[in-house]
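Before any comments, here is the structure.
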Amino acid sequence: MFPFSRRVVGFALLLPGLLAACSEQGPATEPRRVFRYNQPESLTSLDPAFARNQANTWAVTQLYNGLVELDDSLKPGPSVARRYEISPDGRRYTFTLRPDVQFHDSEVFPGGKGRRVTAQDFVYSFRRLLDGATASPGGWIFRGKVLAKPDGEPSDTCFVAVNDSTLRIHLQEPFIPFLGILTMPYAYVVPREAVQKWGKDFREHPVGTGPFRFKEWDEGNAIIYHRNPMYWKKDAQGQRLPYLDAVQISFIQDRKTEFLTFMQGKLDFLSGIRSGSRDLIMYPDGTVREDFKGKFRLQKVPYLNTEYLGMQQDLTNLRGDNLTTGKALQDKRVRQALNYALNKPEFLAYFLNNVGKPGNSGFVPASLPSFSAEKVPGYTYQPEKARQLLRAAGYGPGKPLRLRLNTVAESKEFCEYYQKKWADVGVQVEIDVNQGAAHGEMIDNGRAAFFTRSWLGDYPDAENYLALFYSPNFAPAGPNKTHFKRPAYDQLYQQAKLEQDADKRYALYQQMDRLVTEECPVIAVYYDEVVRLTQNNVQGLTPNPMNQLVLERVKKN
């Protein structure tokens, strides 16, 4: 028998009592009605205002709803808002709310009965994000976008409850991806009564509108949700969702233990398996090994994440070897040569069992609708071309190019592969390994000339990726880590932000991505994919490139 840790044993003892009376439709302890998943990374809050990472996002998604939500093709559609209108100038959004959405039953309401959600609840929730006292990391979704005062602070009239059922949001200027931003967990609605009662402890006393209600959080051990019998959504046959009676979240931190627990059937779902387990179940080409065929369902799903190498364009804060490296990387031919020298398909097969797609196009990942390998041709493995570019830049046997690459321990093995490929074309690269926080701080403050990084999309629009090269977004205040600056690019970015025709906007995105590809301030190593393992008796768990976990339509047979 597999030796459970003390935490898992404690959870097993805790579970039966917490699941008691969790459903009105059948025996509460019926195991097929409980969906079990593990959260190895730290989960810090069940308050959507702090849904800044996957752990928090997955947990709050089961408890709350927003005005709009993403469909399976990542297009925003109605949720608590049954319909919406956008003014012709793109600056006013009007949402009409459903009349049948209620907050969960809670002691914060009179008689403990959940009340109807109104437009004023959204005004409160959105203003709370912007309130410095909340200290939410999600205020950026509105700052710089909604109507603002002369001092830059959001206006008192940027969010308006016209009546209980009508909400208006006023923007400073059109921002096409705004609906996509409103699908983020930061924009979920919360009741003023619960926040005022619990204060900062609202993180562990959540009250939402979602398919499941909070039951218990034994911190570091387990979280239990029960089915919300008053959830407002129904399936096509008129049956009220969700189908499950309960959700159980465990906190097994060791990835090997997590995988073995899944293989024992004690978890229903696993996302993002590590290299050891990946090698165990997958061949290098990404197919499932014979021993595991039929034992579970494996899906490789495109993921809105681009793994890249960045090259600092601003020498101001560079010192020592980083300054030497930065000066060499000012030459576009050097940057392009480094890109041509990498065999990205070989890298993916050797290290990642082909989980991911080679970054042979631009920076925008392949899972977004504006992606086009034909319209944004990138860099393939051409070592001779790399050597030619280096010679043209003045480097060769008599004058070797020496660089320093900054990374973290988890990426060291990858960097050693890059190091070997660059050595094959005559480039000597020293690898400098730093702690994660120090690595990020060096990059944000422009002190790393050459570095490993990734960009995980906040919302499903290419603008979120292309913002990394818009000059007003220089780090540390913004996401432009390389301090890339081209007036032509900035002009295209401004134009794309205002373009309401999707095809024309995508054409502008592709033009911007071509410019970035040509100038090469980054090397797109690969567009990520996520591996999902699901038990065979689980139905209705639909993946998407945002790697969301949506359980309201999941069944267990």
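Residues are referred to by chain and number: the chain letter is A, B, ... according to the order shown in the structure tokens, the number counts from 1 in that chain, and ligands are numbered separately from 1 in the order shown.
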_Using only C-alpha atoms, which protein or nucleic acid residues come within 12 Å of region 68-70 of chain A? Drop anything in the same chain fewer than 3 positions from it, and give the result as number ranges by chain._
A: 61, 64-65, 73-84, 95-98, 178-185, 187-189, 459-461, 543-550
Take the residues just selected and output them with C-alpha atoms as a PDB file, in the first residue's frame.
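As a result, part_0.pdb now contains:
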ATOM      1  CA  THR A  61     -13.609  29.481 -10.374  1.00  0.00           C
ATOM      2  CA  TYR A  64     -17.870  32.579  -8.270  1.00  0.00           C
ATOM      3  CA  ASN A  65     -19.058  34.006 -11.590  1.00  0.00           C
ATOM      4  CA  SER A  73     -13.133  28.548 -28.323  1.00  0.00           C
ATOM      5  CA  LEU A  74     -11.983  31.283 -25.868  1.00  0.00           C
ATOM      6  CA  LYS A  75     -14.617  33.781 -26.994  1.00  0.00           C
ATOM      7  CA  PRO A  76     -16.328  35.859 -24.274  1.00  0.00           C
ATOM      8  CA  GLY A  77     -20.043  35.190 -23.864  1.00  0.00           C
ATOM      9  CA  PRO A  78     -22.835  35.875 -21.362  1.00  0.00           C
ATOM     10  CA  SER A  79     -22.666  34.702 -17.761  1.00  0.00           C
ATOM     11  CA  VAL A  80     -24.246  36.750 -14.935  1.00  0.00           C
ATOM     12  CA  ALA A  81     -24.884  39.314 -17.669  1.00  0.00           C
ATOM     13  CA  ARG A  82     -27.444  37.750 -19.990  1.00  0.00           C
ATOM     14  CA  ARG A  83     -26.598  40.268 -22.709  1.00  0.00           C
ATOM     15  CA  TYR A  84     -24.318  43.250 -23.328  1.00  0.00           C
ATOM     16  CA  PHE A  95     -24.561  44.858 -19.283  1.00  0.00           C
ATOM     17  CA  THR A  96     -28.041  43.561 -18.497  1.00  0.00           C
ATOM     18  CA  LEU A  97     -27.939  41.119 -15.578  1.00  0.00           C
ATOM     19  CA  ARG A  98     -29.895  37.916 -15.204  1.00  0.00           C
ATOM     20  CA  PHE A 178     -11.803  44.404 -22.643  1.00  0.00           C
ATOM     21  CA  LEU A 179     -14.493  41.697 -22.678  1.00  0.00           C
ATOM     22  CA  GLY A 180     -11.750  39.068 -22.429  1.00  0.00           C
ATOM     23  CA  ILE A 181     -10.337  40.858 -19.387  1.00  0.00           C
ATOM     24  CA  LEU A 182     -13.770  40.783 -17.732  1.00  0.00           C
ATOM     25  CA  THR A 183     -13.724  36.966 -17.919  1.00  0.00           C
ATOM     26  CA  MET A 184     -10.760  36.887 -15.521  1.00  0.00           C
ATOM     27  CA  PRO A 185     -11.402  35.777 -11.905  1.00  0.00           C
ATOM     28  CA  ALA A 187     -13.689  40.456 -12.141  1.00  0.00           C
ATOM     29  CA  TYR A 188     -15.899  37.933 -10.302  1.00  0.00           C
ATOM     30  CA  VAL A 189     -18.668  39.443  -8.186  1.00  0.00           C
ATOM     31  CA  TYR A 459      -6.508  36.812 -21.331  1.00  0.00           C
ATOM     32  CA  PRO A 460      -6.886  35.189 -24.772  1.00  0.00           C
ATOM     33  CA  ASP A 461      -5.897  38.000 -27.085  1.00  0.00           C
ATOM     34  CA  PRO A 543      -9.691  21.676 -21.600  1.00  0.00           C
ATOM     35  CA  ASN A 544      -8.793  24.959 -23.263  1.00  0.00           C
ATOM     36  CA  PRO A 545      -5.594  26.963 -23.869  1.00  0.00           C
ATOM     37  CA  MET A 546      -6.157  28.987 -20.678  1.00  0.00           C
ATOM     38  CA  ASN A 547      -5.871  25.695 -18.743  1.00  0.00           C
ATOM     39  CA  GLN A 548      -9.033  26.554 -16.846  1.00  0.00           C
ATOM     40  CA  LEU A 549     -10.656  24.050 -14.505  1.00  0.00           C
ATOM     41  CA  VAL A 550     -14.434  24.309 -14.955  1.00  0.00           C
TER      42      VAL A 550
END
*asked:* Residues near region 554-557 of chain A, anyone? I mean within 8 Å using only C-alpha atoms, not counting same-chain ones fewer than 6 positions away, as a PyMOL selection string.
replied: chain A and resi 32-35+242-244+537-541
Selection to disk with N, CA, C and O atoms, as an mmCIF file, in the first residue's frame:
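As a result, out.cif now contains:
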data_model
loop_
_atom_site.group_PDB
_atom_site.id
_atom_site.type_symbol
_atom_site.label_atom_id
_atom_site.label_comp_id
_atom_site.auth_asym_id
_atom_site.auth_seq_id
_atom_site.Cartn_x
_atom_site.Cartn_y
_atom_site.Cartn_z
ATOM 1 N N ARG A 32 -18.496 8.423 -6.320
ATOM 2 C CA ARG A 32 -18.500 8.815 -7.733
ATOM 3 C C ARG A 32 -18.995 10.246 -7.922
ATOM 4 O O ARG A 32 -18.850 10.810 -8.993
ATOM 5 N N ARG A 33 -19.602 10.847 -6.883
ATOM 6 C CA ARG A 33 -20.136 12.191 -7.002
ATOM 7 C C ARG A 33 -19.144 13.251 -6.523
ATOM 8 O O ARG A 33 -19.454 14.426 -6.529
ATOM 9 N N VAL A 34 -17.993 12.832 -6.054
ATOM 10 C CA VAL A 34 -16.999 13.765 -5.524
ATOM 11 C C VAL A 34 -15.832 13.864 -6.505
ATOM 12 O O VAL A 34 -15.205 12.857 -6.840
ATOM 13 N N PHE A 35 -15.545 15.079 -6.959
ATOM 14 C CA PHE A 35 -14.414 15.290 -7.862
ATOM 15 C C PHE A 35 -13.198 15.661 -7.035
ATOM 16 O O PHE A 35 -13.239 16.612 -6.243
ATOM 17 N N PRO A 242 -24.564 22.077 -10.686
ATOM 18 C CA PRO A 242 -23.665 21.085 -11.272
ATOM 19 C C PRO A 242 -24.184 19.665 -11.048
ATOM 20 O O PRO A 242 -25.113 19.440 -10.265
ATOM 21 N N TYR A 243 -23.547 18.701 -11.715
ATOM 22 C CA TYR A 243 -23.908 17.300 -11.548
ATOM 23 C C TYR A 243 -23.234 16.689 -10.322
ATOM 24 O O TYR A 243 -23.750 15.751 -9.732
ATOM 25 N N LEU A 244 -22.058 17.205 -9.986
ATOM 26 C CA LEU A 244 -21.295 16.661 -8.859
ATOM 27 C C LEU A 244 -21.901 17.083 -7.523
ATOM 28 O O LEU A 244 -22.539 18.128 -7.424
ATOM 29 N N ASN A 537 -13.563 7.416 -15.829
ATOM 30 C CA ASN A 537 -14.967 7.568 -15.434
ATOM 31 C C ASN A 537 -15.402 9.026 -15.318
ATOM 32 O O ASN A 537 -16.527 9.300 -14.915
ATOM 33 N N VAL A 538 -14.519 9.951 -15.683
ATOM 34 C CA VAL A 538 -14.843 11.381 -15.629
ATOM 35 C C VAL A 538 -15.274 11.846 -17.013
ATOM 36 O O VAL A 538 -14.583 11.610 -18.003
ATOM 37 N N GLN A 539 -16.405 12.513 -17.069
ATOM 38 C CA GLN A 539 -16.931 13.018 -18.336
ATOM 39 C C GLN A 539 -17.188 14.522 -18.218
ATOM 40 O O GLN A 539 -17.545 15.020 -17.145
ATOM 41 N N GLY A 540 -17.008 15.217 -19.342
ATOM 42 C CA GLY A 540 -17.377 16.632 -19.400
ATOM 43 C C GLY A 540 -16.305 17.608 -18.942
ATOM 44 O O GLY A 540 -16.583 18.801 -18.815
ATOM 45 N N LEU A 541 -15.095 17.110 -18.694
ATOM 46 C CA LEU A 541 -14.001 17.999 -18.289
ATOM 47 C C LEU A 541 -13.297 18.472 -19.554
ATOM 48 O O LEU A 541 -12.470 17.762 -20.123
#
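Of the listed residues (A:Glu552, A:Asp164, A:Glu219, A:Asp528), A:Glu552 comes nearest to Trp232 (chain A); the distances count only C-alpha atoms.
The shell of residues at most 12 Å from Ser370 (chain A), with only C-alpha atoms counted and near chain neighbours (fewer than 4 positions) removed, consists of A:Gly362, A:Phe363, A:Val364, A:Pro365, A:Ala366, A:Glu374, A:Lys375, A:Val376, A:Pro460, A:Asp461, A:Ala462, A:Glu463, A:Tyr465, A:Leu466, A:Ala502, A:Asp503, A:Lys504, A:Arg505, A:Tyr506, A:Ala507, A:Leu508, A:Tyr509, A:Gln510, A:Gln511, A:Met512, A:Asp513.
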Could you save those same residues with N, CA and C atoms as a PDB file, in the first residue's frame?
ATOM      1  N   GLY A 362       6.368  33.744 -34.630  1.00  0.00           N
ATOM      2  CA  GLY A 362       6.611  34.920 -33.811  1.00  0.00           C
ATOM      3  C   GLY A 362       6.499  34.626 -32.331  1.00  0.00           C
ATOM      4  N   PHE A 363       6.220  35.685 -31.561  1.00  0.00           N
ATOM      5  CA  PHE A 363       6.109  35.558 -30.109  1.00  0.00           C
ATOM      6  C   PHE A 363       4.715  35.102 -29.693  1.00  0.00           C
ATOM      7  N   VAL A 364       3.710  35.465 -30.477  1.00  0.00           N
ATOM      8  CA  VAL A 364       2.325  35.089 -30.172  1.00  0.00           C
ATOM      9  C   VAL A 364       2.169  33.581 -30.308  1.00  0.00           C
ATOM     10  N   PRO A 365       1.613  32.900 -29.287  1.00  0.00           N
ATOM     11  CA  PRO A 365       1.548  31.436 -29.323  1.00  0.00           C
ATOM     12  C   PRO A 365       0.537  30.903 -30.329  1.00  0.00           C
ATOM     13  N   ALA A 366       0.735  29.651 -30.700  1.00  0.00           N
ATOM     14  CA  ALA A 366      -0.045  29.024 -31.770  1.00  0.00           C
ATOM     15  C   ALA A 366      -1.507  28.835 -31.420  1.00  0.00           C
ATOM     16  N   GLU A 374       2.463  31.137 -41.561  1.00  0.00           N
ATOM     17  CA  GLU A 374       2.728  31.588 -42.933  1.00  0.00           C
ATOM     18  C   GLU A 374       2.939  33.098 -42.983  1.00  0.00           C
ATOM     19  N   LYS A 375       2.128  33.843 -42.224  1.00  0.00           N
ATOM     20  CA  LYS A 375       2.211  35.302 -42.275  1.00  0.00           C
ATOM     21  C   LYS A 375       3.269  35.862 -41.327  1.00  0.00           C
ATOM     22  N   VAL A 376       3.708  35.042 -40.368  1.00  0.00           N
ATOM     23  CA  VAL A 376       4.776  35.473 -39.456  1.00  0.00           C
ATOM     24  C   VAL A 376       5.860  34.387 -39.443  1.00  0.00           C
ATOM     25  N   PRO A 460      -7.180  35.804 -23.463  1.00  0.00           N
ATOM     26  CA  PRO A 460      -6.886  35.189 -24.772  1.00  0.00           C
ATOM     27  C   PRO A 460      -6.940  36.154 -25.936  1.00  0.00           C
ATOM     28  N   ASP A 461      -6.003  37.079 -25.963  1.00  0.00           N
ATOM     29  CA  ASP A 461      -5.897  38.000 -27.085  1.00  0.00           C
ATOM     30  C   ASP A 461      -4.412  38.282 -27.306  1.00  0.00           C
ATOM     31  N   ALA A 462      -3.994  38.330 -28.572  1.00  0.00           N
ATOM     32  CA  ALA A 462      -2.579  38.540 -28.887  1.00  0.00           C
ATOM     33  C   ALA A 462      -2.056  39.854 -28.343  1.00  0.00           C
ATOM     34  N   GLU A 463      -2.949  40.821 -28.112  1.00  0.00           N
ATOM     35  CA  GLU A 463      -2.508  42.105 -27.541  1.00  0.00           C
ATOM     36  C   GLU A 463      -1.755  41.900 -26.236  1.00  0.00           C
ATOM     37  N   TYR A 465       0.268  39.608 -25.471  1.00  0.00           N
ATOM     38  CA  TYR A 465       1.657  39.223 -25.767  1.00  0.00           C
ATOM     39  C   TYR A 465       2.414  40.366 -26.418  1.00  0.00           C
ATOM     40  N   LEU A 466       1.754  41.045 -27.323  1.00  0.00           N
ATOM     41  CA  LEU A 466       2.421  42.118 -28.054  1.00  0.00           C
ATOM     42  C   LEU A 466       2.664  43.337 -27.180  1.00  0.00           C
ATOM     43  N   ALA A 502     -12.227  42.359 -36.490  1.00  0.00           N
ATOM     44  CA  ALA A 502     -11.302  41.314 -36.033  1.00  0.00           C
ATOM     45  C   ALA A 502     -10.253  40.974 -37.078  1.00  0.00           C
ATOM     46  N   ASP A 503     -10.650  40.821 -38.334  1.00  0.00           N
ATOM     47  CA  ASP A 503      -9.685  40.447 -39.375  1.00  0.00           C
ATOM     48  C   ASP A 503      -8.629  41.530 -39.571  1.00  0.00           C
ATOM     49  N   LYS A 504      -9.051  42.787 -39.554  1.00  0.00           N
ATOM     50  CA  LYS A 504      -8.090  43.884 -39.704  1.00  0.00           C
ATOM     51  C   LYS A 504      -7.165  43.957 -38.489  1.00  0.00           C
ATOM     52  N   ARG A 505      -7.729  43.714 -37.314  1.00  0.00           N
ATOM     53  CA  ARG A 505      -6.901  43.733 -36.101  1.00  0.00           C
ATOM     54  C   ARG A 505      -5.882  42.601 -36.126  1.00  0.00           C
ATOM     55  N   TYR A 506      -6.309  41.415 -36.552  1.00  0.00           N
ATOM     56  CA  TYR A 506      -5.374  40.289 -36.638  1.00  0.00           C
ATOM     57  C   TYR A 506      -4.250  40.585 -37.628  1.00  0.00           C
ATOM     58  N   ALA A 507      -4.582  41.263 -38.714  1.00  0.00           N
ATOM     59  CA  ALA A 507      -3.544  41.630 -39.689  1.00  0.00           C
ATOM     60  C   ALA A 507      -2.524  42.583 -39.062  1.00  0.00           C
ATOM     61  N   LEU A 508      -2.997  43.498 -38.228  1.00  0.00           N
ATOM     62  CA  LEU A 508      -2.088  44.401 -37.526  1.00  0.00           C
ATOM     63  C   LEU A 508      -1.238  43.641 -36.515  1.00  0.00           C
ATOM     64  N   TYR A 509      -1.857  42.707 -35.799  1.00  0.00           N
ATOM     65  CA  TYR A 509      -1.097  41.875 -34.861  1.00  0.00           C
ATOM     66  C   TYR A 509       0.027  41.136 -35.582  1.00  0.00           C
ATOM     67  N   GLN A 510      -0.290  40.583 -36.741  1.00  0.00           N
ATOM     68  CA  GLN A 510       0.714  39.829 -37.504  1.00  0.00           C
ATOM     69  C   GLN A 510       1.826  40.741 -38.003  1.00  0.00           C
ATOM     70  N   GLN A 511       1.475  41.944 -38.384  1.00  0.00           N
ATOM     71  CA  GLN A 511       2.495  42.908 -38.808  1.00  0.00           C
ATOM     72  C   GLN A 511       3.429  43.246 -37.647  1.00  0.00           C
ATOM     73  N   MET A 512       2.854  43.421 -36.456  1.00  0.00           N
ATOM     74  CA  MET A 512       3.662  43.707 -35.268  1.00  0.00           C
ATOM     75  C   MET A 512       4.559  42.525 -34.925  1.00  0.00           C
ATOM     76  N   ASP A 513       4.008  41.323 -34.998  1.00  0.00           N
ATOM     77  CA  ASP A 513       4.783  40.128 -34.668  1.00  0.00           C
ATOM     78  C   ASP A 513       5.921  39.923 -35.669  1.00  0.00           C
TER      79      ASP A 513
END
_Residue contacts of Pro472 (chain A) (9 Å, only C-alpha atoms) excluding same-chain residues fewer than 4 positions away, as a count of residues only_ = 4
*Those in region 133-313 of chain A with strand (DSSP E) from DSSP, as a ChimeraX atom specification*: /A:159-163,166-170,212-218,222-227,246-250,269-271,297-311
*Between A:Gly326, A:Gly90, A:Gly320, A:Gly426, which has the minimum distance to Ile176 (chain A) (counting only C-alpha atoms)?*
A:Gly90
_12 Å contact set for Phe259 (chain A), only C-alpha atoms, chain neighbours under 4 positions out, as a PyMOL selection string_ = chain A and resi 2+37-40+252-255+263-278+280-281+532-534
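Of the listed residues A:Asp321, A:Glu193, A:Asp47, A:Asp151, the one whose atoms come nearest to Gly138 (chain A) is A:Asp47, with distances taken using only C-alpha atoms.
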_Using only C-alpha atoms: which of A:Tyr303, A:Glu413, A:Arg116, A:Tyr489 has the shortest distance to Ser454 (chain A)_ = A:Tyr303
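Minimum distance to Ser411 (chain A) across A:Arg453, A:Lys300, A:His483, A:Lys295 (counting only C-alpha atoms) occurs at A:Arg453.
With only C-alpha atoms taken into account, the protein and nucleic acid residues at most 9 Å from Asn163 (chain A) (excluding it and anything under 6 positions from it in its own chain) are Thr118, Ala119 and Gln120 of chain A.
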Only all heavy atoms, please: the residues just picked out, written as a compact mmCIF listing (two decimals), in the first residue's frame.
# COMPACT_ATOMS: atom_id res chain seq x y z
N THR A 118 -27.04 42.19 -7.82
CA THR A 118 -27.45 43.39 -8.54
C THR A 118 -26.25 44.07 -9.19
O THR A 118 -25.09 43.74 -8.90
CB THR A 118 -28.13 44.40 -7.58
OG1 THR A 118 -27.13 44.91 -6.68
CG2 THR A 118 -29.24 43.74 -6.78
N ALA A 119 -26.54 45.06 -10.02
CA ALA A 119 -25.47 45.81 -10.68
C ALA A 119 -24.58 46.50 -9.66
O ALA A 119 -23.36 46.64 -9.88
CB ALA A 119 -26.09 46.83 -11.64
N GLN A 120 -25.15 46.93 -8.53
CA GLN A 120 -24.36 47.61 -7.52
C GLN A 120 -23.30 46.67 -6.93
O GLN A 120 -22.23 47.12 -6.51
CB GLN A 120 -25.26 48.14 -6.40
CG GLN A 120 -24.55 49.02 -5.38
CD GLN A 120 -23.88 50.23 -6.02
OE1 GLN A 120 -24.48 50.93 -6.83
NE2 GLN A 120 -22.63 50.48 -5.66
*Leu390 (chain A) surroundings by only C-alpha atoms, 10 Å radius, close-in-sequence under 2 positions cut, as JSON, numbers by chain*: {"A": [331, 333, 334, 335, 336, 337, 338, 384, 385, 386, 387, 388, 392, 393, 394, 395, 396, 400, 401, 425, 426, 427]}
_Filtered DSSP result for region 115-261 of chain A, state helix (DSSP H, G or I), as a ChimeraX atom specification_ = /A:119-130,139-141,178-182,185-187,192-204,255-261
*asked:* With distances taken over only C-alpha atoms, which residue among A:Ser106, A:Thr324, A:Gln491, A:Asn221 lies nearest Thr209 (chain A)?
replied: A:Ser106
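Distance-wise, CA of Pro150 (chain A) and CA of Leu171 (chain A) end up 14.1 Å apart.
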